[in-house]
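Novice: My file is input21.cif. It has mmCIF, C-alpha atoms:
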```cif
data_my_file
loop_
_atom_site.label_atom_id
_atom_site.label_comp_id
_atom_site.auth_asym_id
_atom_site.auth_seq_id
_atom_site.Cartn_x
_atom_site.Cartn_y
_atom_site.Cartn_z
CA MET A 1 -70.10 -42.39 8.15
CA LEU A 2 -68.64 -39.29 9.79
CA LYS A 3 -67.44 -39.44 13.37
CA PRO A 4 -69.84 -37.43 15.54
CA LEU A 5 -68.27 -34.15 16.58
CA SER A 6 -70.09 -34.34 19.90
CA LEU A 7 -67.46 -36.85 21.03
CA CYS A 8 -64.82 -34.13 20.81
CA LEU A 9 -66.96 -31.54 22.53
CA ALA A 10 -67.87 -33.90 25.36
CA CYS A 11 -64.43 -35.34 26.08
CA LEU A 12 -62.46 -33.20 28.53
CA ALA A 13 -59.30 -35.30 28.10
CA CYS A 14 -59.32 -34.94 24.32
CA SER A 15 -56.89 -32.39 22.88
CA ALA A 16 -58.58 -32.31 19.48
CA SER A 17 -60.37 -29.11 18.61
CA ALA A 18 -64.04 -29.19 17.68
CA ASP A 19 -63.50 -27.98 14.13
CA VAL A 20 -62.44 -30.25 11.30
CA THR A 21 -59.57 -30.15 8.84
CA LEU A 22 -60.05 -30.69 5.15
CA ILE A 23 -56.93 -32.11 3.54
CA ASN A 24 -57.07 -32.27 -0.25
CA VAL A 25 -54.15 -34.09 -1.88
CA PHE A 26 -53.43 -33.19 -5.54
CA GLU A 27 -51.67 -35.38 -8.09
CA VAL A 28 -50.70 -32.87 -10.79
CA PRO A 29 -49.71 -33.93 -14.33
CA GLU A 30 -46.52 -32.39 -15.70
CA GLY A 31 -47.14 -28.89 -17.05
CA GLN A 32 -50.47 -28.49 -15.21
CA ARG A 33 -49.25 -26.96 -11.96
CA ASP A 34 -50.29 -23.38 -12.78
CA SER A 35 -53.71 -24.52 -14.02
CA ALA A 36 -54.19 -26.56 -10.87
CA ILE A 37 -53.33 -23.55 -8.69
CA ALA A 38 -55.73 -21.34 -10.68
CA SER A 39 -58.47 -23.92 -10.22
CA TRP A 40 -57.74 -24.11 -6.50
CA GLU A 41 -57.94 -20.29 -6.28
CA ALA A 42 -61.35 -20.28 -7.94
CA ALA A 43 -62.56 -22.91 -5.47
CA ARG A 44 -61.10 -20.97 -2.52
CA ASP A 45 -62.80 -17.74 -3.65
CA PHE A 46 -66.14 -19.56 -3.67
CA LEU A 47 -65.66 -21.54 -0.47
CA ALA A 48 -64.28 -18.65 1.58
CA GLY A 49 -67.69 -16.98 1.38
CA GLN A 50 -69.63 -19.98 2.64
CA PRO A 51 -70.92 -20.51 6.20
CA GLY A 52 -68.56 -22.52 8.37
CA TYR A 53 -65.37 -21.63 6.48
CA ILE A 54 -62.47 -20.78 8.80
CA SER A 55 -59.19 -20.75 6.85
CA THR A 56 -57.19 -22.42 4.10
CA SER A 57 -53.58 -22.97 3.10
CA LEU A 58 -52.09 -24.31 -0.13
CA GLN A 59 -48.82 -26.20 0.22
CA ALA A 60 -46.52 -26.79 -2.76
CA SER A 61 -43.88 -29.51 -2.76
CA LEU A 62 -40.26 -28.34 -2.78
CA ALA A 63 -39.30 -31.24 -5.05
CA PRO A 64 -40.80 -30.85 -8.54
CA ASP A 65 -41.28 -34.62 -8.92
CA ALA A 66 -43.14 -35.20 -5.65
CA ARG A 67 -46.05 -37.66 -5.91
CA PHE A 68 -48.36 -34.99 -4.49
CA ALA A 69 -47.32 -31.60 -5.89
CA LEU A 70 -50.01 -29.61 -4.06
CA ILE A 71 -51.83 -30.21 -0.79
CA ASN A 72 -54.62 -28.00 0.50
CA ILE A 73 -55.20 -27.81 4.25
CA ALA A 74 -58.34 -25.97 5.33
CA LYS A 75 -60.34 -25.53 8.51
CA TRP A 76 -64.12 -25.80 8.67
CA ASP A 77 -66.55 -25.47 11.57
CA THR A 78 -68.25 -28.81 10.95
CA PRO A 79 -68.34 -31.66 8.40
CA GLU A 80 -71.88 -30.60 7.52
CA ALA A 81 -70.82 -27.03 6.68
CA PHE A 82 -68.05 -28.32 4.40
CA ALA A 83 -70.39 -30.80 2.70
CA GLU A 84 -73.00 -28.10 2.04
CA ALA A 85 -70.39 -25.62 0.72
CA THR A 86 -68.87 -28.14 -1.71
CA ARG A 87 -72.35 -29.23 -2.84
CA LYS A 88 -73.12 -25.58 -3.69
CA MET A 89 -69.75 -25.18 -5.45
CA GLN A 90 -70.32 -28.22 -7.63
CA ALA A 91 -73.80 -26.98 -8.52
CA ALA A 92 -72.36 -23.56 -9.43
CA ASN A 93 -69.84 -25.19 -11.80
CA ILE A 94 -67.44 -22.29 -11.32
CA PHE A 95 -64.25 -23.66 -12.82
CA PRO A 96 -63.18 -25.83 -15.74
CA PRO A 97 -61.57 -29.20 -14.93
CA VAL A 98 -57.78 -29.48 -15.26
CA GLU A 99 -56.87 -32.36 -17.55
CA GLY A 100 -55.37 -35.30 -15.70
CA LEU A 101 -55.56 -33.63 -12.30
CA ARG A 102 -56.48 -36.05 -9.53
CA PHE A 103 -57.53 -34.67 -6.19
CA THR A 104 -58.54 -36.56 -3.07
CA PRO A 105 -60.31 -34.45 -0.45
CA ALA A 106 -61.22 -35.85 2.98
CA LEU A 107 -61.99 -34.53 6.45
CA TYR A 108 -59.63 -35.13 9.36
CA SER A 109 -59.33 -34.55 13.06
CA GLU A 110 -56.10 -34.21 14.99
CA ILE A 111 -55.39 -37.28 17.13
CA ARG A 112 -51.79 -36.49 18.16
CA ALA A 113 -49.93 -33.21 18.53
CA ASP A 114 -46.47 -32.43 19.83
CA MET B 115 -33.65 -30.25 -6.24
CA LEU B 116 -34.89 -28.36 -3.22
CA LYS B 117 -36.07 -24.78 -3.56
CA PRO B 118 -33.52 -22.48 -1.87
CA LEU B 119 -34.88 -21.19 1.40
CA SER B 120 -33.03 -17.91 0.91
CA LEU B 121 -35.77 -16.89 -1.54
CA CYS B 122 -38.27 -16.84 1.32
CA LEU B 123 -35.95 -15.01 3.68
CA ALA B 124 -35.10 -12.37 1.11
CA CYS B 125 -38.60 -11.63 -0.17
CA LEU B 126 -40.39 -9.03 1.95
CA ALA B 127 -43.66 -9.46 0.06
CA CYS B 128 -43.74 -13.20 0.58
CA SER B 129 -46.08 -14.46 3.31
CA ALA B 130 -44.48 -17.90 3.47
CA SER B 131 -42.52 -18.64 6.60
CA ALA B 132 -38.89 -19.68 6.35
CA ASP B 133 -39.43 -23.11 7.85
CA VAL B 134 -40.67 -26.09 5.87
CA THR B 135 -43.61 -28.41 6.31
CA LEU B 136 -43.29 -32.16 6.09
CA ILE B 137 -46.52 -33.77 4.94
CA ASN B 138 -46.53 -37.56 5.13
CA VAL B 139 -49.57 -39.23 3.57
CA PHE B 140 -50.39 -42.75 4.82
CA GLU B 141 -52.32 -45.42 2.95
CA VAL B 142 -53.28 -47.85 5.71
CA PRO B 143 -54.43 -51.43 5.03
CA GLU B 144 -57.62 -52.52 6.81
CA GLY B 145 -56.91 -53.55 10.39
CA GLN B 146 -53.51 -51.84 10.49
CA ARG B 147 -54.54 -48.40 11.77
CA ASP B 148 -53.39 -48.95 15.37
CA SER B 149 -50.07 -50.43 14.22
CA ALA B 150 -49.55 -47.49 11.87
CA ILE B 151 -50.21 -45.02 14.72
CA ALA B 152 -47.80 -46.89 17.01
CA SER B 153 -45.15 -46.78 14.28
CA TRP B 154 -45.75 -43.06 13.79
CA GLU B 155 -45.41 -42.50 17.56
CA ALA B 156 -42.04 -44.28 17.59
CA ALA B 157 -40.86 -42.11 14.70
CA ARG B 158 -42.12 -38.96 16.41
CA ASP B 159 -40.34 -39.85 19.67
CA PHE B 160 -37.09 -40.18 17.75
CA LEU B 161 -37.51 -37.15 15.50
CA ALA B 162 -38.72 -34.78 18.24
CA GLY B 163 -35.25 -34.96 19.80
CA GLN B 164 -33.38 -34.08 16.61
CA PRO B 165 -31.98 -30.63 15.73
CA GLY B 166 -34.35 -28.55 13.60
CA TYR B 167 -37.56 -30.23 14.79
CA ILE B 168 -40.36 -27.73 15.53
CA SER B 169 -43.70 -29.53 15.86
CA THR B 170 -45.86 -32.33 14.53
CA SER B 171 -49.53 -33.23 14.21
CA LEU B 172 -51.18 -36.52 13.21
CA GLN B 173 -54.49 -36.19 11.40
CA ALA B 174 -56.93 -39.13 11.18
CA SER B 175 -59.67 -39.27 8.57
CA LEU B 176 -63.23 -39.05 9.86
CA ALA B 177 -64.39 -41.53 7.21
CA PRO B 178 -63.01 -45.03 7.87
CA ASP B 179 -62.70 -45.77 4.16
CA ALA B 180 -60.74 -42.65 3.20
CA ARG B 181 -57.94 -43.24 0.68
CA PHE B 182 -55.46 -41.68 3.13
CA ALA B 183 -56.44 -42.72 6.66
CA LEU B 184 -53.61 -40.84 8.37
CA ILE B 185 -51.69 -37.70 7.42
CA ASN B 186 -48.76 -36.33 9.39
CA ILE B 187 -48.06 -32.59 9.21
CA ALA B 188 -44.81 -31.48 10.84
CA LYS B 189 -42.67 -28.35 10.91
CA TRP B 190 -38.90 -28.37 10.49
CA ASP B 191 -36.38 -25.55 10.46
CA THR B 192 -34.81 -26.52 7.13
CA PRO B 193 -34.93 -29.32 4.52
CA GLU B 194 -31.38 -30.25 5.53
CA ALA B 195 -32.34 -30.72 9.18
CA PHE B 196 -35.22 -32.99 8.22
CA ALA B 197 -33.06 -35.01 5.83
CA GLU B 198 -30.38 -35.52 8.47
CA ALA B 199 -32.92 -36.50 11.14
CA THR B 200 -34.61 -39.10 8.92
CA ARG B 201 -31.23 -40.46 7.83
CA LYS B 202 -30.36 -41.01 11.49
CA MET B 203 -33.76 -42.59 12.18
CA GLN B 204 -33.38 -45.06 9.34
CA ALA B 205 -29.89 -45.97 10.53
CA ALA B 206 -31.22 -46.49 14.07
CA ASN B 207 -33.89 -48.91 12.76
CA ILE B 208 -36.16 -48.08 15.68
CA PHE B 209 -39.46 -49.56 14.57
CA PRO B 210 -40.72 -52.63 12.72
CA PRO B 211 -42.43 -52.08 9.37
CA VAL B 212 -46.24 -52.27 9.25
CA GLU B 213 -47.36 -54.78 6.63
CA GLY B 214 -48.90 -53.15 3.59
CA LEU B 215 -48.51 -49.61 4.93
CA ARG B 216 -47.59 -47.11 2.24
CA PHE B 217 -46.37 -43.70 3.25
CA THR B 218 -45.32 -40.79 1.05
CA PRO B 219 -43.37 -38.07 2.85
CA ALA B 220 -42.41 -34.82 1.10
CA LEU B 221 -41.46 -31.30 2.08
CA TYR B 222 -43.73 -28.36 1.29
CA SER B 223 -43.87 -24.60 1.56
CA GLU B 224 -47.02 -22.51 1.82
CA ILE B 225 -47.77 -20.64 -1.41
CA ARG B 226 -51.30 -19.40 -0.60
CA ALA B 227 -53.03 -18.66 2.71
CA ASP B 228 -56.40 -17.16 3.50
#
```
Let's see the structure in the file written out as structure tokens.

Specialist:
Amino acid sequence: MLKPLSLCLACLACSASADVTLINVFEVPEGQRDSAIASWEAARDFLAGQPGYISTSLQASLAPDARFALINIAKWDTPEAFAEATRKMQAANIFPPVEGLRFTPALYSEIRAD
Amino acid sequence: MLKPLSLCLACLACSASADVTLINVFEVPEGQRDSAIASWEAARDFLAGQPGYISTSLQASLAPDARFALINIAKWDTPEAFAEATRKMQAANIFPPVEGLRFTPALYSEIRAD
């Protein structure tokens, strides 16, 4: 169950913004980094045109043997907008799977900032 | 081996900033979320006073059963500053471990932004 966004909008003491952050953590098999980035780019090109998209950033680990070689951090207006956009993307079947690539997307809200 | 930061500073066409991003991905056992946040707060209080610290943000998953319930995203001036700060924190032994908590910190640089 998703946390209702209305809690953030209603709470004057809450520093969290009303939008949500998608964080997608990639476990990339050796030799598949470029393919994973190309797949991410295809997904970004599709998602950037969907309602509710705000921005995205792809982070690459400095250490080549990091457990998570790539992490995508994106902003969306609402959980519903992200869910609808990814549903459309899956239906469109725009990119081939990358062998052995494991990715774990989830939506987040900021609870502490300093 | 860490990627030399001088590449970013020297490349005029590169949109990546010169600082680095720490992303720490937390796998939190059921019932340990509050303890994990308290532990993170203790670490933040220590690290925020160290040379090279820029900012930090703790992201909590909207779904309670997400694989990664908490993700910390922080900015540091350089990989060396972060390494020295965490070395000091470990030596100071400032917080008790949280049973079953798995965390995977790594340094990242932005390779795509939109």

Novice: Can you list, as a VMD selection string, every protein, DNA or RNA residue that comes within 8 Å of A:Ala106 when you count all atoms listed in the file, leaving out same-chain residues fewer than 6 positions away?

Specialist: (chain A and resid 22 to 24) or (chain B and resid 175 to 177 180)

Novice: Quote the spacing between atom CA of A:Phe95 and atom CA of A:Phe26 in Å to one decimal place.

Specialist: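 Atom CA of A:Phe95 sits 16.2 Å away from atom CA of A:Phe26.
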
Novice: Which is closer to B:Pro219 than all the others in B:Ala162, B:Glu141, B:Asp148, B:Ala156, using all atoms listed in the file?

Specialist: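 Counting all atoms listed in the file, the residue closest to B:Pro219 is B:Glu141.
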
Novice: Distance cut-off 8 Å, counting only C-alpha atoms - which residues of chain A neighbour chain B? Return them as an MDAnalysis selection string.

Specialist: chainID A and resid 1:3 55:64 66:67 104 106:114

Novice: Need to verify the contact set: stretch 199-205 of chain B, 9 Å, only C-alpha atoms, exclusion of same-chain residues closer than 5 positions in sequence. Can you return it as a count of residues only?

Specialist: 8

Novice: Name the closest residue to B:Glu144 among the candidates B:Ala206, B:Phe217, B:Val212, B:Ala195; distances are taken between atoms, counting all atoms listed in the file.

Specialist: B:Val212

Novice: Please compute the atom CA of B:Ser153-atom CA of B:Thr192 distance, one decimal, in Å.

Specialist: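 Computed distance, atom CA of B:Ser153 to atom CA of B:Thr192, equals 23.8 Å.
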